[in-house]
Amino acid sequence: MKPFSYVTATDLSSAIGVATAESKYLAGGTNLVDLMRAGIETPDRLVDISRLPLAEIEDLPEGGLRIGALARNTRVTADARIRDRYPLLSQAILNGASPQLRNRATVGGNLLQRTRCGYFYDRHSACNKREPGAGCDALDGFNRMHAILGASESCIAVHPSDMCVALAALDAVVNIAGRDPVPLVDFHRLPGDTPHIETVLRPGELITSIDLPPALPGHSVYLKVRDRASYAFALVSVAVLVSMEDGRAASVRIALGGVAHKPWRAYEAERLLTGTSLDEDLIHQAAEQALADARPREHNAFKPELARRLIHRALKGTIS
């Protein structure tokens with residue numbers, strides 16, 4: 001392992017992932033310390049950004065909300081503006097972690113957390129994400145938790161965040177110092193042939209905040225199925241936001257978690273439902289459409305049907 005040193009790193013669940021050609025500097029990702037303990041991440045230095053003024057939650061002029069990258073998850077869920085205007089985000093964060101973790105985890109750190117794939121954590125297993133070109137033991141291994149959408153033969157890991165699924169449904173935007181904002185749905189990358197490159201962050205870049213657009217009127221539902229009720233990672237989760245006008249869906253947002261390398265927006269299903277009365281047959285068709293491209297492996301063949309049922313239940317929940 002390379003030597004590393006702390007720079008008074010009081011909170012490592014912060015909002016930056018930086019690297020240079022000469023050496024590796026890291027700060028951020030809610031599970032960075034775990035990865036260091038396991039010898040998976042071996043940074044030369046850790047950069048403490050906890051003193052930067054990036055923890056505020058502010059109203060935007062057009063009616064949206066800006067959440068600083070260092071805002072703690074607990075503060076986000078407790079903010080009255082979040083609860084009233086973006087309850088989907090509160091629901092997702094509360095489903096994602098215990099109060100103790102929410103007290104420490106930040107919004108930026110949540111975006112940058114790494115997969116919980118067991119083969120990624122096991123240094124004796126082949127993992128292209130940990131060691132490019134090594135192979136992927138998850139493909140033919142125990143892949144119950146793994147991806148069914150957007151995966152490749154290089155990697156079938158999933159992104160673990162609940163918060164990011166809600167942010168994807170809300171059309172959130174990630175603000176990065178020194179460059180144009182990036183839509184949350186484009187921030188995380190699909191694995192392709194380079195699963196070790198997980199986001200669009202470039203060396204030296206810093207996430208400063210996340211912007212939420214003005215809240216849509218309507219109803220939202222966040223549902224999560226997991227192996228145990230006590231803050232396990234999602235087998236499948238779904239975030240749904242529906243805005244109705246004159247008995248028809250003026251806007252439909254559907255995002256899935258636990259199924260891909262990134263929060264997965266079901267755009268075709270959304271288009272199918274927009275402008276309709278959301279009757280039972282159309283909801284069924286939309287759920288089928290959302291999973292039309294699913295490619296399950298041996299141990300997660302149950303996931304497509306589970307996801308369909310969750311989408312159906314969530315959509316019914318927004319109009320009941």
# chains A, B, ... in the order shown; residues from 1 in each chain; ligands from 1
$ residues_around --residues "A:Val236" --least-positions-apart "6" --cutoff "6 Å" --atoms "only C-alpha atoms" --output "VMD selection string"
chain A and resid 225 257 to 258
$ write_last_selection --atoms "N, CA and C atoms" --output "PDB file, in the first residue's frame"
ATOM      1  N   VAL A 225     -36.939  -1.923  -1.993  1.00  0.00           N
ATOM      2  CA  VAL A 225     -36.972  -3.308  -1.524  1.00  0.00           C
ATOM      3  C   VAL A 225     -35.542  -3.721  -1.205  1.00  0.00           C
ATOM      4  N   GLY A 257     -33.267   2.589  -8.861  1.00  0.00           N
ATOM      5  CA  GLY A 257     -31.996   2.353  -8.200  1.00  0.00           C
ATOM      6  C   GLY A 257     -31.775   0.860  -7.999  1.00  0.00           C
ATOM      7  N   GLY A 258     -30.536   0.467  -7.767  1.00  0.00           N
ATOM      8  CA  GLY A 258     -30.215  -0.941  -7.546  1.00  0.00           C
ATOM      9  C   GLY A 258     -30.222  -1.778  -8.806  1.00  0.00           C
TER      10      GLY A 258
END
$ select_by_dssp --residues "stretch 214-290 of chain A" --states "strand (DSSP E)" --output "ChimeraX atom specification"
/A:219-225,236-245,248-257,264-265
$ write_last_selection --atoms "N, CA, C and O atoms" --output "compact mmCIF listing (two decimals), in the first residue's frame"
# COMPACT_ATOMS: atom_id res chain seq x y z
N HIS A 219 -47.69 14.55 -6.86
CA HIS A 219 -47.41 13.58 -5.81
C HIS A 219 -46.16 12.78 -6.17
O HIS A 219 -45.89 12.51 -7.34
N SER A 220 -45.42 12.39 -5.15
CA SER A 220 -44.21 11.60 -5.36
C SER A 220 -44.19 10.42 -4.39
O SER A 220 -44.75 10.48 -3.30
N VAL A 221 -43.50 9.36 -4.81
CA VAL A 221 -43.38 8.15 -4.00
C VAL A 221 -41.97 7.59 -4.18
O VAL A 221 -41.47 7.52 -5.31
N TYR A 222 -41.34 7.21 -3.06
CA TYR A 222 -40.07 6.50 -3.12
C TYR A 222 -40.26 5.14 -2.44
O TYR A 222 -40.67 5.07 -1.28
N LEU A 223 -39.99 4.09 -3.18
CA LEU A 223 -40.12 2.73 -2.66
C LEU A 223 -38.78 2.00 -2.80
O LEU A 223 -38.06 2.19 -3.78
N LYS A 224 -38.49 1.17 -1.81
CA LYS A 224 -37.22 0.46 -1.80
C LYS A 224 -37.43 -0.95 -1.25
O LYS A 224 -38.02 -1.12 -0.18
N VAL A 225 -36.94 -1.92 -1.99
CA VAL A 225 -36.97 -3.31 -1.52
C VAL A 225 -35.54 -3.72 -1.20
O VAL A 225 -34.63 -3.55 -2.02
N VAL A 236 -33.87 -3.29 -5.39
CA VAL A 236 -34.46 -2.38 -6.38
C VAL A 236 -35.13 -1.25 -5.63
O VAL A 236 -35.75 -1.47 -4.59
N SER A 237 -34.97 -0.03 -6.13
CA SER A 237 -35.73 1.10 -5.60
C SER A 237 -36.32 1.87 -6.77
O SER A 237 -35.85 1.76 -7.91
N VAL A 238 -37.35 2.65 -6.48
CA VAL A 238 -37.98 3.46 -7.53
C VAL A 238 -38.44 4.78 -6.95
O VAL A 238 -38.97 4.84 -5.84
N ALA A 239 -38.16 5.84 -7.69
CA ALA A 239 -38.64 7.18 -7.35
C ALA A 239 -39.57 7.63 -8.46
O ALA A 239 -39.20 7.62 -9.64
N VAL A 240 -40.79 8.00 -8.08
CA VAL A 240 -41.81 8.40 -9.06
C VAL A 240 -42.37 9.75 -8.67
O VAL A 240 -42.68 9.99 -7.49
N LEU A 241 -42.51 10.62 -9.64
CA LEU A 241 -43.09 11.94 -9.45
C LEU A 241 -44.09 12.17 -10.57
O LEU A 241 -43.74 12.09 -11.75
N VAL A 242 -45.34 12.43 -10.21
CA VAL A 242 -46.41 12.62 -11.19
C VAL A 242 -47.14 13.92 -10.92
O VAL A 242 -47.56 14.19 -9.79
N SER A 243 -47.28 14.73 -11.96
CA SER A 243 -48.04 15.98 -11.88
C SER A 243 -49.25 15.86 -12.79
O SER A 243 -49.11 15.63 -14.00
N MET A 244 -50.45 15.97 -12.21
CA MET A 244 -51.69 15.79 -12.96
C MET A 244 -52.34 17.14 -13.26
O MET A 244 -52.30 18.06 -12.43
N GLU A 245 -52.94 17.26 -14.43
CA GLU A 245 -53.74 18.42 -14.81
C GLU A 245 -54.99 17.94 -15.55
O GLU A 245 -54.88 17.21 -16.54
N ARG A 248 -55.23 14.25 -16.31
CA ARG A 248 -54.19 13.62 -17.13
C ARG A 248 -52.80 13.98 -16.58
O ARG A 248 -52.62 15.02 -15.95
N ALA A 249 -51.85 13.11 -16.86
CA ALA A 249 -50.49 13.29 -16.36
C ALA A 249 -49.76 14.33 -17.21
O ALA A 249 -49.41 14.06 -18.37
N ALA A 250 -49.56 15.53 -16.65
CA ALA A 250 -48.81 16.56 -17.36
C ALA A 250 -47.32 16.26 -17.35
O ALA A 250 -46.59 16.63 -18.27
N SER A 251 -46.86 15.59 -16.30
CA SER A 251 -45.44 15.23 -16.20
C SER A 251 -45.32 13.94 -15.41
O SER A 251 -46.01 13.76 -14.40
N VAL A 252 -44.45 13.06 -15.88
CA VAL A 252 -44.18 11.79 -15.20
C VAL A 252 -42.67 11.59 -15.15
O VAL A 252 -41.99 11.69 -16.16
N ARG A 253 -42.16 11.34 -13.96
CA ARG A 253 -40.73 11.04 -13.79
C ARG A 253 -40.61 9.68 -13.09
O ARG A 253 -41.25 9.44 -12.07
N ILE A 254 -39.77 8.81 -13.64
CA ILE A 254 -39.54 7.49 -13.06
C ILE A 254 -38.04 7.24 -13.04
O ILE A 254 -37.39 7.26 -14.10
N ALA A 255 -37.47 7.02 -11.87
CA ALA A 255 -36.05 6.68 -11.75
C ALA A 255 -35.91 5.42 -10.92
O ALA A 255 -36.64 5.21 -9.94
N LEU A 256 -34.97 4.58 -11.30
CA LEU A 256 -34.74 3.30 -10.63
C LEU A 256 -33.36 3.27 -10.00
O LEU A 256 -32.40 3.82 -10.54
N GLY A 257 -33.27 2.59 -8.86
CA GLY A 257 -32.00 2.35 -8.20
C GLY A 257 -31.77 0.86 -8.00
O GLY A 257 -32.72 0.06 -8.06
N TRP A 264 -31.16 5.24 -12.80
CA TRP A 264 -31.66 4.91 -14.15
C TRP A 264 -33.02 5.57 -14.40
O TRP A 264 -34.00 5.23 -13.76
N ARG A 265 -33.07 6.52 -15.31
CA ARG A 265 -34.32 7.15 -15.69
C ARG A 265 -35.01 6.32 -16.76
O ARG A 265 -34.42 5.97 -17.78
$ select_by_dssp --residues "stretch 178-297 of chain A" --states "helix (DSSP H, G or I)" --output "ChimeraX atom specification"
/A:184-187,267-273,280-290
$ write_last_selection --atoms "N, CA and C atoms" --output "PDB file, in the first residue's frame"
ATOM      1  N   LEU A 184     -27.708  15.637 -13.192  1.00  0.00           N
ATOM      2  CA  LEU A 184     -27.407  14.477 -12.348  1.00  0.00           C
ATOM      3  C   LEU A 184     -27.456  13.182 -13.148  1.00  0.00           C
ATOM      4  N   VAL A 185     -28.375  13.074 -14.090  1.00  0.00           N
ATOM      5  CA  VAL A 185     -28.497  11.834 -14.873  1.00  0.00           C
ATOM      6  C   VAL A 185     -27.276  11.584 -15.749  1.00  0.00           C
ATOM      7  N   ASP A 186     -26.471  12.628 -15.991  1.00  0.00           N
ATOM      8  CA  ASP A 186     -25.266  12.467 -16.807  1.00  0.00           C
ATOM      9  C   ASP A 186     -23.993  12.456 -15.970  1.00  0.00           C
ATOM     10  N   PHE A 187     -24.108  12.641 -14.675  1.00  0.00           N
ATOM     11  CA  PHE A 187     -22.929  12.752 -13.825  1.00  0.00           C
ATOM     12  C   PHE A 187     -22.218  11.407 -13.664  1.00  0.00           C
ATOM     13  N   TYR A 267     -37.055   6.812 -19.366  1.00  0.00           N
ATOM     14  CA  TYR A 267     -37.598   7.867 -20.217  1.00  0.00           C
ATOM     15  C   TYR A 267     -38.719   7.370 -21.133  1.00  0.00           C
ATOM     16  N   GLU A 268     -38.566   6.192 -21.715  1.00  0.00           N
ATOM     17  CA  GLU A 268     -39.599   5.684 -22.622  1.00  0.00           C
ATOM     18  C   GLU A 268     -40.902   5.435 -21.870  1.00  0.00           C
ATOM     19  N   ALA A 269     -40.800   4.907 -20.675  1.00  0.00           N
ATOM     20  CA  ALA A 269     -41.999   4.687 -19.861  1.00  0.00           C
ATOM     21  C   ALA A 269     -42.659   6.014 -19.502  1.00  0.00           C
ATOM     22  N   GLU A 270     -41.844   7.019 -19.209  1.00  0.00           N
ATOM     23  CA  GLU A 270     -42.380   8.347 -18.897  1.00  0.00           C
ATOM     24  C   GLU A 270     -43.154   8.916 -20.084  1.00  0.00           C
ATOM     25  N   ARG A 271     -42.567   8.782 -21.275  1.00  0.00           N
ATOM     26  CA  ARG A 271     -43.236   9.308 -22.473  1.00  0.00           C
ATOM     27  C   ARG A 271     -44.548   8.585 -22.739  1.00  0.00           C
ATOM     28  N   LEU A 272     -44.568   7.291 -22.480  1.00  0.00           N
ATOM     29  CA  LEU A 272     -45.779   6.505 -22.696  1.00  0.00           C
ATOM     30  C   LEU A 272     -46.930   6.989 -21.818  1.00  0.00           C
ATOM     31  N   LEU A 273     -46.615   7.428 -20.610  1.00  0.00           N
ATOM     32  CA  LEU A 273     -47.654   7.809 -19.652  1.00  0.00           C
ATOM     33  C   LEU A 273     -48.036   9.286 -19.716  1.00  0.00           C
ATOM     34  N   GLU A 280     -54.913   1.488 -15.596  1.00  0.00           N
ATOM     35  CA  GLU A 280     -54.207   0.272 -15.193  1.00  0.00           C
ATOM     36  C   GLU A 280     -53.404  -0.336 -16.343  1.00  0.00           C
ATOM     37  N   ASP A 281     -54.001  -0.404 -17.537  1.00  0.00           N
ATOM     38  CA  ASP A 281     -53.314  -1.008 -18.678  1.00  0.00           C
ATOM     39  C   ASP A 281     -52.062  -0.212 -19.059  1.00  0.00           C
ATOM     40  N   LEU A 282     -52.163   1.121 -19.048  1.00  0.00           N
ATOM     41  CA  LEU A 282     -51.017   1.944 -19.410  1.00  0.00           C
ATOM     42  C   LEU A 282     -49.890   1.855 -18.377  1.00  0.00           C
ATOM     43  N   ILE A 283     -50.266   1.793 -17.115  1.00  0.00           N
ATOM     44  CA  ILE A 283     -49.250   1.628 -16.073  1.00  0.00           C
ATOM     45  C   ILE A 283     -48.519   0.305 -16.260  1.00  0.00           C
ATOM     46  N   HIS A 284     -49.276  -0.738 -16.572  1.00  0.00           N
ATOM     47  CA  HIS A 284     -48.656  -2.038 -16.822  1.00  0.00           C
ATOM     48  C   HIS A 284     -47.704  -1.964 -18.018  1.00  0.00           C
ATOM     49  N   GLN A 285     -48.142  -1.315 -19.089  1.00  0.00           N
ATOM     50  CA  GLN A 285     -47.286  -1.168 -20.271  1.00  0.00           C
ATOM     51  C   GLN A 285     -46.021  -0.373 -19.961  1.00  0.00           C
ATOM     52  N   ALA A 286     -46.187   0.680 -19.164  1.00  0.00           N
ATOM     53  CA  ALA A 286     -45.032   1.505 -18.813  1.00  0.00           C
ATOM     54  C   ALA A 286     -44.017   0.714 -17.994  1.00  0.00           C
ATOM     55  N   ALA A 287     -44.499  -0.088 -17.055  1.00  0.00           N
ATOM     56  CA  ALA A 287     -43.601  -0.915 -16.251  1.00  0.00           C
ATOM     57  C   ALA A 287     -42.852  -1.913 -17.123  1.00  0.00           C
ATOM     58  N   GLU A 288     -43.553  -2.492 -18.091  1.00  0.00           N
ATOM     59  CA  GLU A 288     -42.900  -3.407 -19.021  1.00  0.00           C
ATOM     60  C   GLU A 288     -41.845  -2.668 -19.851  1.00  0.00           C
ATOM     61  N   GLN A 289     -42.198  -1.485 -20.327  1.00  0.00           N
ATOM     62  CA  GLN A 289     -41.282  -0.704 -21.146  1.00  0.00           C
ATOM     63  C   GLN A 289     -40.014  -0.328 -20.375  1.00  0.00           C
ATOM     64  N   ALA A 290     -40.177   0.017 -19.115  1.00  0.00           N
ATOM     65  CA  ALA A 290     -39.029   0.429 -18.302  1.00  0.00           C
ATOM     66  C   ALA A 290     -37.990  -0.674 -18.180  1.00  0.00           C
TER      67      ALA A 290
END
$ closest_residue --among "A:Gly39, A:Gly204, A:Gly96, A:Gly275" --to "A:Tyr121" --atoms "only C-alpha atoms"
A:Gly39
$ closest_residue --among "A:Pro214, A:Leu206, A:Ser50, A:Tyr231" --to "A:Pro99" --atoms "only C-alpha atoms"
A:Tyr231
$ atom_distance --atom1 "atom CA of A:Leu112" --atom2 "atom CA of A:Asn95"
18.1 Å
$ closest_residue --among "A:Glu56, A:Leu94, A:Asp193, A:Gly63" --to "A:Ser230" --atoms "only C-alpha atoms"
A:Leu94
$ residues_around --residues "A:His146" --least-positions-apart "4" --cutoff "7 Å" --atoms "only C-alpha atoms" --output "ChimeraX atom specification"
/A:156-158,259,300
$ atom_distance --atom1 "atom CA of A:Cys117" --atom2 "atom CA of A:Ala151"
13.5 Å
$ residues_around --residues "A:Cys127" --least-positions-apart "6" --cutoff "7 Å" --atoms "only C-alpha atoms" --output "list in words"
Tyr119, Phe120, Ala134, Gly135, Cys136 and Asp137 of chain A
$ atom_distance --atom1 "atom CA of A:Thr318" --atom2 "atom CA of A:Leu278"
10.1 Å
$ closest_residue --among "A:Met145, A:Met163, A:Val182, A:Leu70" --to "A:Pro87" --atoms "only C-alpha atoms"
A:Met163
$ closest_atom_pairs --of "stretch 99-130 of chain A" --to "stretch 195-199 of chain A" --cutoff "9 Å" --atoms "only C-alpha atoms" --output "Markdown table"
| residue | atom | partner | partner_atom | distance |
| --- | --- | --- | --- | --- |
| A:Leu112 | CA | A:Thr199 | CA | 8.1 |
| A:Arg114 | CA | A:Glu198 | CA | 8.5 |
| A:Asn128 | CA | A:Pro195 | CA | 6.5 |
| A:Lys129 | CA | A:His196 | CA | 4.2 |
| A:Arg130 | CA | A:His196 | CA | 6.5 |
$ closest_residue --among "A:Ala177, A:Met36, A:Ala234, A:Leu149" --to "A:Pro296" --atoms "only C-alpha atoms"
A:Leu149
$ decode --residues "stretch 194-271 of chain A" --atoms "C-alpha atoms" --output "CSV table (one decimal), in the first residue's frame"
chain,number,residue,atom,x,y,z
A,194,THR,CA,-13.8,1.6,-18.5
A,195,PRO,CA,-15.8,0.8,-15.3
A,196,HIS,CA,-13.1,2.4,-13.1
A,197,ILE,CA,-14.1,5.8,-14.5
A,198,GLU,CA,-17.3,6.3,-12.6
A,199,THR,CA,-18.2,9.9,-13.0
A,200,VAL,CA,-17.6,12.9,-15.4
A,201,LEU,CA,-15.4,14.6,-12.8
A,202,ARG,CA,-12.0,15.4,-14.1
A,203,PRO,CA,-8.7,15.6,-12.1
A,204,GLY,CA,-8.7,18.5,-9.7
A,205,GLU,CA,-12.5,19.3,-10.0
A,206,LEU,CA,-14.7,20.1,-7.1
A,207,ILE,CA,-18.4,19.6,-6.6
A,208,THR,CA,-19.8,22.7,-5.0
A,209,SER,CA,-23.5,22.2,-4.9
A,210,ILE,CA,-26.6,20.6,-6.4
A,211,ASP,CA,-29.5,22.6,-7.8
A,212,LEU,CA,-33.1,21.5,-7.7
A,213,PRO,CA,-35.4,23.1,-10.3
A,214,PRO,CA,-38.7,24.6,-9.2
A,215,ALA,CA,-40.9,22.0,-7.6
A,216,LEU,CA,-43.6,20.5,-9.7
A,217,PRO,CA,-47.1,20.3,-8.3
A,218,GLY,CA,-48.2,16.7,-7.8
A,219,HIS,CA,-47.4,13.6,-5.8
A,220,SER,CA,-44.2,11.6,-5.4
A,221,VAL,CA,-43.4,8.1,-4.0
A,222,TYR,CA,-40.1,6.5,-3.1
A,223,LEU,CA,-40.1,2.7,-2.7
A,224,LYS,CA,-37.2,0.5,-1.8
A,225,VAL,CA,-37.0,-3.3,-1.5
A,226,ARG,CA,-34.0,-4.6,0.5
A,227,ASP,CA,-33.0,-7.8,2.3
A,228,ARG,CA,-33.6,-6.3,5.7
A,229,ALA,CA,-35.5,-3.3,6.9
A,230,SER,CA,-32.5,-1.9,8.8
A,231,TYR,CA,-30.8,0.3,6.2
A,232,ALA,CA,-29.6,-2.3,3.7
A,233,PHE,CA,-28.7,-1.4,0.2
A,234,ALA,CA,-31.5,-1.6,-2.4
A,235,LEU,CA,-32.2,-4.7,-4.4
A,236,VAL,CA,-34.5,-2.4,-6.4
A,237,SER,CA,-35.7,1.1,-5.6
A,238,VAL,CA,-38.0,3.5,-7.5
A,239,ALA,CA,-38.6,7.2,-7.4
A,240,VAL,CA,-41.8,8.4,-9.1
A,241,LEU,CA,-43.1,11.9,-9.4
A,242,VAL,CA,-46.4,12.6,-11.2
A,243,SER,CA,-48.0,16.0,-11.9
A,244,MET,CA,-51.7,15.8,-13.0
A,245,GLU,CA,-53.7,18.4,-14.8
A,246,ASP,CA,-57.4,17.9,-15.7
A,247,GLY,CA,-57.2,14.2,-14.9
A,248,ARG,CA,-54.2,13.6,-17.1
A,249,ALA,CA,-50.5,13.3,-16.4
A,250,ALA,CA,-48.8,16.6,-17.4
A,251,SER,CA,-45.4,15.2,-16.2
A,252,VAL,CA,-44.2,11.8,-15.2
A,253,ARG,CA,-40.7,11.0,-13.8
A,254,ILE,CA,-39.5,7.5,-13.1
A,255,ALA,CA,-36.1,6.7,-11.7
A,256,LEU,CA,-34.7,3.3,-10.6
A,257,GLY,CA,-32.0,2.4,-8.2
A,258,GLY,CA,-30.2,-0.9,-7.5
A,259,VAL,CA,-30.4,-1.9,-11.2
A,260,ALA,CA,-27.6,-0.1,-13.0
A,261,HIS,CA,-24.2,1.6,-12.6
A,262,LYS,CA,-26.0,4.9,-12.2
A,263,PRO,CA,-29.5,6.1,-11.2
A,264,TRP,CA,-31.7,4.9,-14.1
A,265,ARG,CA,-34.3,7.1,-15.7
A,266,ALA,CA,-37.1,5.3,-17.5
A,267,TYR,CA,-37.6,7.9,-20.2
A,268,GLU,CA,-39.6,5.7,-22.6
A,269,ALA,CA,-42.0,4.7,-19.9
A,270,GLU,CA,-42.4,8.3,-18.9
A,271,ARG,CA,-43.2,9.3,-22.5
